[in-house]
>>> print(open('query.cif').read())   # mmCIF, C-alpha atoms; chains and numbers go by the auth columns
data_model
loop_
_atom_site.group_PDB
_atom_site.id
_atom_site.type_symbol
_atom_site.label_atom_id
_atom_site.label_comp_id
_atom_site.label_asym_id
_atom_site.label_seq_id
_atom_site.Cartn_x
_atom_site.Cartn_y
_atom_site.Cartn_z
_atom_site.B_iso_or_equiv
_atom_site.auth_seq_id
_atom_site.auth_asym_id
ATOM 1 C CA MET A 1 37.023 -118.507 22.014 0.00 27 D
ATOM 2 C CA ASP A 2 40.189 -119.636 20.244 0.00 28 D
ATOM 3 C CA PHE A 3 40.033 -123.418 20.313 0.00 29 D
ATOM 4 C CA THR A 4 43.744 -123.791 19.730 0.00 30 D
ATOM 5 C CA ASP A 5 44.329 -121.990 23.064 0.00 31 D
ATOM 6 C CA PRO A 6 45.455 -124.670 25.586 0.00 32 D
ATOM 7 C CA ASN A 7 43.599 -122.835 28.402 0.00 33 D
ATOM 8 C CA GLY A 8 40.310 -123.543 26.643 0.00 34 D
ATOM 9 C CA ARG A 9 41.142 -127.253 26.790 0.00 35 D
ATOM 10 C CA THR A 10 41.596 -127.394 30.572 0.00 36 D
ATOM 11 C CA ALA A 11 38.797 -127.466 33.166 0.00 37 D
ATOM 12 C CA PRO A 12 38.998 -124.314 35.310 0.00 38 D
ATOM 13 C CA GLY A 13 39.054 -124.027 39.109 0.00 39 D
ATOM 14 C CA ALA A 14 39.164 -126.870 41.669 0.00 40 D
ATOM 15 C CA GLU A 15 42.643 -125.988 42.960 0.00 41 D
ATOM 16 C CA THR A 16 41.607 -126.678 46.535 0.00 42 D
ATOM 17 C CA HIS A 17 39.360 -129.688 45.952 0.00 43 D
ATOM 18 C CA ALA A 18 40.397 -132.907 47.747 0.00 44 D
ATOM 19 C CA GLY A 19 39.439 -136.413 46.647 0.00 45 D
ATOM 20 C CA PRO A 20 38.714 -137.952 43.239 0.00 46 D
ATOM 21 C CA VAL A 21 37.335 -135.813 40.434 0.00 47 D
ATOM 22 C CA THR A 22 35.436 -136.640 37.262 0.00 48 D
ATOM 23 C CA LEU A 23 36.131 -134.682 34.108 0.00 49 D
ATOM 24 C CA VAL A 24 33.075 -134.246 31.896 0.00 50 D
ATOM 25 C CA ASN A 25 34.226 -132.920 28.539 0.00 51 D
ATOM 26 C CA SER A 26 31.637 -132.396 25.787 0.00 52 D
ATOM 27 C CA PHE A 27 32.707 -131.939 22.166 0.00 53 D
ATOM 28 C CA VAL A 28 30.957 -130.326 19.222 0.00 54 D
ATOM 29 C CA VAL A 29 31.762 -132.358 16.087 0.00 55 D
ATOM 30 C CA PRO A 30 30.308 -131.426 12.682 0.00 56 D
ATOM 31 C CA GLU A 31 28.364 -134.116 10.828 0.00 57 D
ATOM 32 C CA GLY A 32 30.603 -136.570 8.976 0.00 58 D
ATOM 33 C CA ARG A 33 33.701 -135.574 10.986 0.00 59 D
ATOM 34 C CA ASP A 34 33.677 -138.401 13.557 0.00 60 D
ATOM 35 C CA GLU A 35 36.836 -140.030 12.184 0.00 61 D
ATOM 36 C CA ALA A 36 38.877 -136.817 12.148 0.00 62 D
ATOM 37 C CA PHE A 37 37.769 -136.110 15.712 0.00 63 D
ATOM 38 C CA LEU A 38 38.540 -139.643 16.920 0.00 64 D
ATOM 39 C CA GLU A 39 42.044 -139.485 15.453 0.00 65 D
ATOM 40 C CA LEU A 40 42.904 -136.293 17.361 0.00 66 D
ATOM 41 C CA TRP A 41 41.113 -137.379 20.524 0.00 67 D
ATOM 42 C CA THR A 42 42.816 -140.799 20.601 0.00 68 D
ATOM 43 C CA ALA A 43 46.301 -139.267 20.414 0.00 69 D
ATOM 44 C CA THR A 44 45.468 -136.824 23.221 0.00 70 D
ATOM 45 C CA SER A 45 43.821 -139.516 25.348 0.00 71 D
ATOM 46 C CA ARG A 46 46.872 -141.795 24.955 0.00 72 D
ATOM 47 C CA TYR A 47 48.951 -139.021 26.551 0.00 73 D
ATOM 48 C CA PHE A 48 46.548 -138.602 29.487 0.00 74 D
ATOM 49 C CA ARG A 49 46.108 -142.323 30.139 0.00 75 D
ATOM 50 C CA ALA A 50 49.853 -142.666 30.759 0.00 76 D
ATOM 51 C CA GLN A 51 49.835 -140.037 33.546 0.00 77 D
ATOM 52 C CA PRO A 52 49.946 -140.669 37.321 0.00 78 D
ATOM 53 C CA GLY A 53 46.509 -140.409 38.888 0.00 79 D
ATOM 54 C CA PHE A 54 44.536 -141.385 35.785 0.00 80 D
ATOM 55 C CA VAL A 55 41.814 -143.876 36.832 0.00 81 D
ATOM 56 C CA SER A 56 39.389 -144.449 33.955 0.00 82 D
ATOM 57 C CA LEU A 57 37.631 -142.926 30.977 0.00 83 D
ATOM 58 C CA ARG A 58 34.617 -143.550 28.809 0.00 84 D
ATOM 59 C CA LEU A 59 34.168 -141.780 25.514 0.00 85 D
ATOM 60 C CA HIS A 60 30.492 -141.534 24.563 0.00 86 D
ATOM 61 C CA ARG A 61 29.024 -140.836 21.126 0.00 87 D
ATOM 62 C CA ALA A 62 25.457 -139.565 20.708 0.00 88 D
ATOM 63 C CA VAL A 63 23.054 -142.173 19.329 0.00 89 D
ATOM 64 C CA SER A 64 21.044 -139.437 17.619 0.00 90 D
ATOM 65 C CA SER A 65 22.567 -137.035 15.081 0.00 91 D
ATOM 66 C CA ASP A 66 20.803 -133.964 16.526 0.00 92 D
ATOM 67 C CA ALA A 67 22.597 -133.931 19.890 0.00 93 D
ATOM 68 C CA PRO A 68 24.407 -130.578 20.361 0.00 94 D
ATOM 69 C CA HIS A 69 27.432 -132.472 21.725 0.00 95 D
ATOM 70 C CA ARG A 70 28.329 -135.421 19.517 0.00 96 D
ATOM 71 C CA PHE A 71 30.964 -136.818 21.938 0.00 97 D
ATOM 72 C CA VAL A 72 31.268 -136.688 25.737 0.00 98 D
ATOM 73 C CA ASN A 73 34.354 -137.914 27.580 0.00 99 D
ATOM 74 C CA VAL A 74 33.794 -138.888 31.228 0.00 100 D
ATOM 75 C CA ALA A 75 37.168 -139.487 32.925 0.00 101 D
ATOM 76 C CA VAL A 76 38.022 -140.164 36.575 0.00 102 D
ATOM 77 C CA TRP A 77 41.230 -138.866 38.192 0.00 103 D
ATOM 78 C CA GLU A 78 42.584 -139.530 41.692 0.00 104 D
ATOM 79 C CA SER A 79 42.554 -135.795 42.439 0.00 105 D
ATOM 80 C CA ALA A 80 42.234 -132.382 40.823 0.00 106 D
ATOM 81 C CA ALA A 81 46.020 -131.977 41.179 0.00 107 D
ATOM 82 C CA HIS A 82 46.583 -135.214 39.230 0.00 108 D
ATOM 83 C CA TYR A 83 44.205 -133.967 36.544 0.00 109 D
ATOM 84 C CA ARG A 84 45.906 -130.593 36.355 0.00 110 D
ATOM 85 C CA ALA A 85 49.590 -131.574 36.245 0.00 111 D
ATOM 86 C CA PRO A 86 49.604 -133.063 32.702 0.00 112 D
ATOM 87 C CA HIS A 87 47.800 -129.931 31.452 0.00 113 D
ATOM 88 C CA GLN A 88 50.893 -127.858 32.225 0.00 114 D
ATOM 89 C CA THR A 89 53.440 -129.585 29.999 0.00 115 D
ATOM 90 C CA GLU A 90 54.879 -128.758 26.584 0.00 116 D
ATOM 91 C CA GLU A 91 53.537 -132.047 25.268 0.00 117 D
ATOM 92 C CA PHE A 92 49.984 -131.029 26.227 0.00 118 D
ATOM 93 C CA VAL A 93 50.369 -127.670 24.493 0.00 119 D
ATOM 94 C CA ARG A 94 51.716 -129.425 21.378 0.00 120 D
ATOM 95 C CA LEU A 95 48.784 -131.852 21.315 0.00 121 D
ATOM 96 C CA VAL A 96 45.939 -129.361 21.764 0.00 122 D
ATOM 97 C CA THR A 97 47.251 -126.529 19.622 0.00 123 D
ATOM 98 C CA GLN A 98 47.114 -128.687 16.503 0.00 124 D
ATOM 99 C CA GLU A 99 45.087 -126.900 13.815 0.00 125 D
ATOM 100 C CA GLY A 100 42.691 -129.846 13.575 0.00 126 D
ATOM 101 C CA TRP A 101 41.283 -129.156 17.040 0.00 127 D
ATOM 102 C CA ARG A 102 39.903 -125.785 15.861 0.00 128 D
ATOM 103 C CA GLU A 103 36.991 -127.688 14.319 0.00 129 D
ATOM 104 C CA PHE A 104 35.971 -129.366 17.593 0.00 130 D
ATOM 105 C CA PRO A 105 35.055 -126.975 20.426 0.00 131 D
ATOM 106 C CA SER A 106 34.970 -128.576 23.876 0.00 132 D
ATOM 107 C CA SER A 107 33.744 -127.623 27.355 0.00 133 D
ATOM 108 C CA PRO A 108 35.807 -129.382 30.036 0.00 134 D
ATOM 109 C CA ALA A 109 34.629 -129.176 33.661 0.00 135 D
ATOM 110 C CA LEU A 110 35.513 -131.068 36.861 0.00 136 D
ATOM 111 C CA TYR A 111 32.905 -132.742 39.069 0.00 137 D
ATOM 112 C CA GLU A 112 32.611 -134.851 42.185 0.00 138 D
ATOM 113 C CA VAL A 113 30.169 -137.762 42.468 0.00 139 D
ATOM 114 C CA VAL A 114 27.439 -136.826 44.985 0.00 140 D
ATOM 115 C CA VAL A 115 24.925 -139.662 44.402 0.00 141 D
ATOM 116 C CA GLU A 116 25.567 -143.162 43.063 0.00 142 D
ATOM 117 C CA HIS A 117 23.128 -146.023 42.431 0.00 143 D
ATOM 118 C CA GLN A 118 23.585 -149.403 40.832 0.00 144 D
ATOM 119 C CA LEU A 119 20.947 -152.060 40.162 0.00 145 D
ATOM 120 C CA GLU A 120 21.276 -154.778 42.820 0.00 146 D
ATOM 121 C CA PRO A 121 22.046 -158.131 41.114 0.00 147 D
ATOM 122 C CA SER A 122 19.189 -159.819 43.035 0.00 148 D
ATOM 123 C CA ARG A 123 16.623 -157.658 41.287 0.00 149 D
ATOM 124 C CA GLY A 124 17.813 -158.553 37.782 0.00 150 D
ATOM 125 C CA MET B 1 11.987 -123.490 25.935 0.00 3 P
ATOM 126 C CA ASP B 2 9.318 -124.159 28.566 0.00 4 P
ATOM 127 C CA PHE B 3 11.061 -126.222 31.211 0.00 5 P
ATOM 128 C CA THR B 4 7.807 -127.573 32.588 0.00 6 P
ATOM 129 C CA ASP B 5 7.175 -129.227 29.194 0.00 7 P
ATOM 130 C CA PRO B 6 7.816 -133.007 29.663 0.00 8 P
ATOM 131 C CA ASN B 7 9.239 -133.233 26.127 0.00 9 P
ATOM 132 C CA GLY B 8 12.110 -130.970 27.146 0.00 10 P
ATOM 133 C CA ARG B 9 12.967 -133.473 29.909 0.00 11 P
ATOM 134 C CA THR B 10 13.373 -136.463 27.557 0.00 12 P
ATOM 135 C CA ALA B 11 16.396 -137.179 25.354 0.00 13 P
ATOM 136 C CA PRO B 12 15.321 -137.088 21.685 0.00 14 P
ATOM 137 C CA GLY B 13 15.889 -139.692 18.971 0.00 15 P
ATOM 138 C CA ALA B 14 17.470 -143.145 19.339 0.00 16 P
ATOM 139 C CA GLU B 15 14.274 -145.052 18.538 0.00 17 P
ATOM 140 C CA THR B 16 16.196 -147.561 16.440 0.00 18 P
ATOM 141 C CA HIS B 17 19.342 -147.851 18.576 0.00 19 P
ATOM 142 C CA ALA B 18 20.113 -151.371 19.896 0.00 20 P
ATOM 143 C CA GLY B 19 22.221 -152.100 22.974 0.00 21 P
ATOM 144 C CA PRO B 20 22.856 -150.189 26.192 0.00 22 P
ATOM 145 C CA VAL B 21 22.613 -146.399 26.257 0.00 23 P
ATOM 146 C CA THR B 22 24.030 -143.770 28.581 0.00 24 P
ATOM 147 C CA LEU B 23 21.971 -140.711 29.407 0.00 25 P
ATOM 148 C CA VAL B 24 24.071 -137.588 29.958 0.00 26 P
ATOM 149 C CA ASN B 25 21.830 -134.915 31.461 0.00 27 P
ATOM 150 C CA SER B 26 23.374 -131.555 32.401 0.00 28 P
ATOM 151 C CA PHE B 27 21.521 -129.146 34.689 0.00 29 P
ATOM 152 C CA VAL B 28 21.804 -125.396 35.138 0.00 30 P
ATOM 153 C CA VAL B 29 21.344 -124.592 38.850 0.00 31 P
ATOM 154 C CA PRO B 30 21.573 -121.009 40.168 0.00 32 P
ATOM 155 C CA GLU B 31 24.049 -120.352 42.959 0.00 33 P
ATOM 156 C CA GLY B 32 22.727 -121.307 46.390 0.00 34 P
ATOM 157 C CA ARG B 33 19.958 -123.515 44.950 0.00 35 P
ATOM 158 C CA ASP B 34 21.661 -126.920 45.271 0.00 36 P
ATOM 159 C CA GLU B 35 19.291 -128.144 47.978 0.00 37 P
ATOM 160 C CA ALA B 36 16.131 -127.209 46.089 0.00 38 P
ATOM 161 C CA PHE B 37 17.519 -128.919 42.992 0.00 39 P
ATOM 162 C CA LEU B 38 18.547 -132.061 44.878 0.00 40 P
ATOM 163 C CA GLU B 39 15.091 -132.408 46.428 0.00 41 P
ATOM 164 C CA LEU B 40 13.367 -132.378 43.019 0.00 42 P
ATOM 165 C CA TRP B 41 16.025 -134.498 41.349 0.00 43 P
ATOM 166 C CA THR B 42 15.972 -137.160 44.092 0.00 44 P
ATOM 167 C CA ALA B 43 12.195 -137.641 43.794 0.00 45 P
ATOM 168 C CA THR B 44 12.473 -137.966 40.004 0.00 46 P
ATOM 169 C CA SER B 45 15.471 -140.287 40.211 0.00 47 P
ATOM 170 C CA ARG B 46 13.645 -142.553 42.718 0.00 48 P
ATOM 171 C CA TYR B 47 10.962 -143.051 40.053 0.00 49 P
ATOM 172 C CA PHE B 48 13.486 -143.923 37.327 0.00 50 P
ATOM 173 C CA ARG B 49 15.566 -146.261 39.499 0.00 51 P
ATOM 174 C CA ALA B 50 12.511 -148.473 40.068 0.00 52 P
ATOM 175 C CA GLN B 51 11.966 -149.030 36.321 0.00 53 P
ATOM 176 C CA PRO B 52 12.874 -152.155 34.278 0.00 54 P
ATOM 177 C CA GLY B 53 16.135 -151.675 32.386 0.00 55 P
ATOM 178 C CA PHE B 54 17.678 -149.162 34.769 0.00 56 P
ATOM 179 C CA VAL B 55 21.341 -150.130 35.325 0.00 57 P
ATOM 180 C CA SER B 56 23.165 -147.350 37.195 0.00 58 P
ATOM 181 C CA LEU B 57 23.511 -143.628 37.721 0.00 59 P
ATOM 182 C CA ARG B 58 26.009 -141.152 39.028 0.00 60 P
ATOM 183 C CA LEU B 59 25.009 -137.602 39.860 0.00 61 P
ATOM 184 C CA HIS B 60 27.982 -135.222 39.587 0.00 62 P
ATOM 185 C CA ARG B 61 28.311 -131.738 41.089 0.00 63 P
ATOM 186 C CA ALA B 62 30.850 -129.239 39.748 0.00 64 P
ATOM 187 C CA VAL B 63 33.817 -128.682 42.065 0.00 65 P
ATOM 188 C CA SER B 64 34.112 -125.091 40.840 0.00 66 P
ATOM 189 C CA SER B 65 31.267 -122.568 41.103 0.00 67 P
ATOM 190 C CA ASP B 66 31.823 -121.176 37.587 0.00 68 P
ATOM 191 C CA ALA B 67 30.864 -124.360 35.671 0.00 69 P
ATOM 192 C CA PRO B 68 27.948 -123.595 33.297 0.00 70 P
ATOM 193 C CA HIS B 69 26.331 -126.890 34.340 0.00 71 P
ATOM 194 C CA ARG B 70 26.341 -127.303 38.119 0.00 72 P
ATOM 195 C CA PHE B 71 25.058 -130.932 38.030 0.00 73 P
ATOM 196 C CA VAL B 72 25.478 -133.731 35.472 0.00 74 P
ATOM 197 C CA ASN B 73 23.621 -137.033 35.732 0.00 75 P
ATOM 198 C CA VAL B 74 25.248 -139.976 33.895 0.00 76 P
ATOM 199 C CA ALA B 75 22.852 -142.942 33.861 0.00 77 P
ATOM 200 C CA VAL B 76 23.087 -146.305 32.090 0.00 78 P
ATOM 201 C CA TRP B 77 20.006 -148.110 30.703 0.00 79 P
ATOM 202 C CA GLU B 78 19.787 -151.559 29.115 0.00 80 P
ATOM 203 C CA SER B 79 18.390 -150.045 25.923 0.00 81 P
ATOM 204 C CA ALA B 80 16.914 -146.868 24.472 0.00 82 P
ATOM 205 C CA ALA B 81 13.473 -148.497 24.674 0.00 83 P
ATOM 206 C CA HIS B 82 13.941 -149.116 28.420 0.00 84 P
ATOM 207 C CA TYR B 83 14.997 -145.485 28.834 0.00 85 P
ATOM 208 C CA ARG B 84 12.037 -144.199 26.867 0.00 86 P
ATOM 209 C CA ALA B 85 9.156 -146.226 28.371 0.00 87 P
ATOM 210 C CA PRO B 86 9.077 -144.496 31.799 0.00 88 P
ATOM 211 C CA HIS B 87 9.115 -141.110 30.016 0.00 89 P
ATOM 212 C CA GLN B 88 5.653 -141.844 28.625 0.00 90 P
ATOM 213 C CA THR B 89 3.689 -142.256 31.842 0.00 91 P
ATOM 214 C CA GLU B 90 1.396 -139.944 33.793 0.00 92 P
ATOM 215 C CA GLU B 91 3.711 -140.239 36.786 0.00 93 P
ATOM 216 C CA PHE B 92 6.628 -138.860 34.715 0.00 94 P
ATOM 217 C CA VAL B 93 4.513 -135.917 33.533 0.00 95 P
ATOM 218 C CA ARG B 94 3.453 -135.214 37.118 0.00 96 P
ATOM 219 C CA LEU B 95 7.069 -135.265 38.327 0.00 97 P
ATOM 220 C CA VAL B 96 8.632 -133.027 35.687 0.00 98 P
ATOM 221 C CA THR B 97 5.848 -130.474 35.321 0.00 99 P
ATOM 222 C CA GLN B 98 6.263 -129.353 38.940 0.00 100 P
ATOM 223 C CA GLU B 99 6.789 -125.582 39.030 0.00 101 P
ATOM 224 C CA GLY B 100 10.108 -126.008 40.851 0.00 102 P
ATOM 225 C CA TRP B 101 11.743 -127.526 37.768 0.00 103 P
ATOM 226 C CA ARG B 102 11.302 -124.236 35.864 0.00 104 P
ATOM 227 C CA GLU B 103 14.377 -122.944 37.670 0.00 105 P
ATOM 228 C CA PHE B 104 16.636 -125.802 36.516 0.00 106 P
ATOM 229 C CA PRO B 105 16.997 -126.153 32.721 0.00 107 P
ATOM 230 C CA SER B 106 18.430 -129.484 31.575 0.00 108 P
ATOM 231 C CA SER B 107 19.796 -130.953 28.334 0.00 109 P
ATOM 232 C CA PRO B 108 19.233 -134.728 28.222 0.00 110 P
ATOM 233 C CA ALA B 109 20.910 -136.729 25.435 0.00 111 P
ATOM 234 C CA LEU B 110 21.541 -140.446 24.850 0.00 112 P
ATOM 235 C CA TYR B 111 24.979 -141.858 24.082 0.00 113 P
ATOM 236 C CA GLU B 112 26.742 -145.151 23.467 0.00 114 P
ATOM 237 C CA VAL B 113 30.190 -145.919 24.900 0.00 115 P
ATOM 238 C CA VAL B 114 32.700 -146.088 22.024 0.00 116 P
ATOM 239 C CA VAL B 115 36.017 -146.150 23.959 0.00 117 P
ATOM 240 C CA GLU B 116 36.648 -147.391 27.498 0.00 118 P
ATOM 241 C CA HIS B 117 39.896 -147.480 29.499 0.00 119 P
ATOM 242 C CA GLN B 118 40.593 -148.384 33.089 0.00 120 P
ATOM 243 C CA LEU B 119 43.911 -148.253 34.922 0.00 121 P
ATOM 244 C CA GLU B 120 45.292 -151.798 35.174 0.00 122 P
ATOM 245 C CA PRO B 121 45.714 -152.704 38.888 0.00 123 P
ATOM 246 C CA SER B 122 49.340 -153.823 38.250 0.00 124 P
ATOM 247 C CA ARG B 123 50.329 -150.272 37.346 0.00 125 P
ATOM 248 C CA GLY B 124 48.973 -148.738 40.557 0.00 126 P
#
>>> encode(input="query.cif", output="structure tokens")
Amino acid sequence: MDFTDPNGRTAPGAETHAGPVTLVNSFVVPEGRDEAFLELWTATSRYFRAQPGFVSLRLHRAVSSDAPHRFVNVAVWESAAHYRAPHQTEEFVRLVTQEGWREFPSSPALYEVVVEHQLEPSRG
Amino acid sequence: MDFTDPNGRTAPGAETHAGPVTLVNSFVVPEGRDEAFLELWTATSRYFRAQPGFVSLRLHRAVSSDAPHRFVNVAVWESAAHYRAPHQTEEFVRLVTQEGWREFPSSPALYEVVVEHQLEPSRG
């Protein structure tokens, strides 16, 4: 896959899905390249955070160096349509076709939350 | 990999990591097998939720049928040690060596949150 192709940077499907969606996007980052990745990712994430329908994100880094995916972004959007709209702009294409991204393959996919549990405070 | 081997069901590394960790565990589930997966996963998750140091979990299902990983569990633990302890019991081995699990390969890995953003309520 050509990782400067904007289509490879957008989660497929979900056109008809109603309700909130969670993007899970896992990145392969070669050893020692965390800073270069974070620079590119931060610029792209700044663009997405300013869009209507963005709810939250958490960027995770593996605590062990042997994880196949060094970074995982988990981001919530109000709907699949809200997620998709900012992936169809010239600014998006400009951001993700930067040569630097070639080094960091990603696998974006959209999910819905089907089970949720949280420790009850009383148990703590 | 033998997916009834308990070692394949435990995220590697992180022995020396301090602070909270997030498990990201992606599952391959053949089409039409959601219910069989959910039955096994729910029994296993009930065991983990009762353990010291468990904080929260969200089980995600792909909104599109072509996602390589149909389910992704994102679970927070107080520490890597808290995550690891219940993976070293006879009950854990009994749960994950059930024949049914053979059908559902998983890739558990531990992460730390390095960036977090939430929509400010005033912008909504």
>>> interface_residues(input="query.cif", of="chain D", to="chain P", cutoff="7 Å", atoms="only C-alpha atoms", output="MDAnalysis selection string")
chainID D and resid 39:40 43 80:90 93 135:145
>>> axis_aligned_box(input="query.cif", around="stretch 75-83 of chain D", padding_each_side="4 Å", output="JSON")
{"center_x": 43.8, "center_y": -142.2, "center_z": 34.5, "size_x": 20.3, "size_y": 12.4, "size_z": 16.7}
>>> closest_residue(input="query.cif", among="P:Val31, P:Pro88, P:Thr6, P:Ser81", to="P:Phe106", atoms="only C-alpha atoms")
P:Val31
>>> atom_distance(input="query.cif", atom1="atom CA of D:Arg35", atom2="atom CA of D:Glu57")
21.6 Å
>>> residues_near_point(input="query.cif", point="(48.0, -128.1, 20.6)", cutoff="10 Å", atoms="all atoms listed in the file", output="list of chain:residue names")
D:Phe29, D:Thr30, D:Asp31, D:Pro32, D:Arg35, D:Thr70, D:Glu116, D:Glu117, D:Phe118, D:Val119, D:Arg120, D:Leu121, D:Val122, D:Thr123, D:Gln124, D:Glu125, D:Gly126, D:Trp127, D:Arg128
>>> write_last_selection(input="query.cif", atoms="C-alpha atoms", output="compact mmCIF listing (two decimals), keeping the file's coordinate frame")
# COMPACT_ATOMS: atom_id res chain seq x y z
CA PHE D 29 40.03 -123.42 20.31
CA THR D 30 43.74 -123.79 19.73
CA ASP D 31 44.33 -121.99 23.06
CA PRO D 32 45.46 -124.67 25.59
CA ARG D 35 41.14 -127.25 26.79
CA THR D 70 45.47 -136.82 23.22
CA GLU D 116 54.88 -128.76 26.58
CA GLU D 117 53.54 -132.05 25.27
CA PHE D 118 49.98 -131.03 26.23
CA VAL D 119 50.37 -127.67 24.49
CA ARG D 120 51.72 -129.43 21.38
CA LEU D 121 48.78 -131.85 21.32
CA VAL D 122 45.94 -129.36 21.76
CA THR D 123 47.25 -126.53 19.62
CA GLN D 124 47.11 -128.69 16.50
CA GLU D 125 45.09 -126.90 13.82
CA GLY D 126 42.69 -129.85 13.58
CA TRP D 127 41.28 -129.16 17.04
CA ARG D 128 39.90 -125.78 15.86
>>> atom_distance(input="query.cif", atom1="atom CA of P:Ser28", atom2="atom CA of P:Asn9")
15.6 Å
>>> atom_distance(input="query.cif", atom1="atom CA of D:Glu65", atom2="atom CA of D:Ser132")
15.5 Å
>>> closest_residue(input="query.cif", among="P:Phe39, P:Phe29, P:Trp79, P:Phe50", to="P:Thr91", atoms="all atoms listed in the file")
P:Phe50
>>> decode(input="query.cif", residues="stretch 48-82 of chain D", atoms="C-alpha atoms", output="compact mmCIF listing (two decimals), in the first residue's frame")
# COMPACT_ATOMS: atom_id res chain seq x y z
CA THR D 48 -14.68 5.39 17.87
CA LEU D 49 -11.71 5.49 15.54
CA VAL D 50 -8.98 3.02 16.47
CA ASN D 51 -5.89 3.85 14.44
CA SER D 52 -2.72 1.82 15.02
CA PHE D 53 0.65 3.06 13.76
CA VAL D 54 3.86 1.22 12.96
CA VAL D 55 6.80 3.42 14.03
CA PRO D 56 10.41 2.24 13.62
CA GLU D 57 12.59 2.23 16.74
CA GLY D 58 14.01 5.66 17.58
CA ARG D 59 11.47 7.48 15.38
CA ASP D 60 8.95 8.48 18.07
CA GLU D 61 9.73 12.20 17.79
CA ALA D 62 9.39 12.32 14.00
CA PHE D 63 6.09 10.47 14.26
CA LEU D 64 4.76 12.71 17.05
CA GLU D 65 5.57 15.84 15.04
CA LEU D 66 3.54 14.67 12.04
CA TRP D 67 0.75 13.20 14.15
CA THR D 68 0.37 16.36 16.27
CA ALA D 69 -0.08 18.58 13.21
CA THR D 70 -2.69 16.20 11.77
CA SER D 71 -4.48 15.83 15.11
CA ARG D 72 -4.64 19.63 15.53
CA TYR D 73 -6.59 19.75 12.25
CA PHE D 74 -9.05 17.04 13.35
CA ARG D 75 -9.60 18.43 16.84
CA ALA D 76 -10.89 21.69 15.35
CA GLN D 77 -13.63 19.92 13.34
CA PRO D 78 -17.36 19.75 14.18
CA GLY D 79 -18.28 16.45 15.80
CA PHE D 80 -14.87 15.75 17.33
CA VAL D 81 -15.41 14.52 20.93
CA SER D 82 -12.13 13.20 22.36
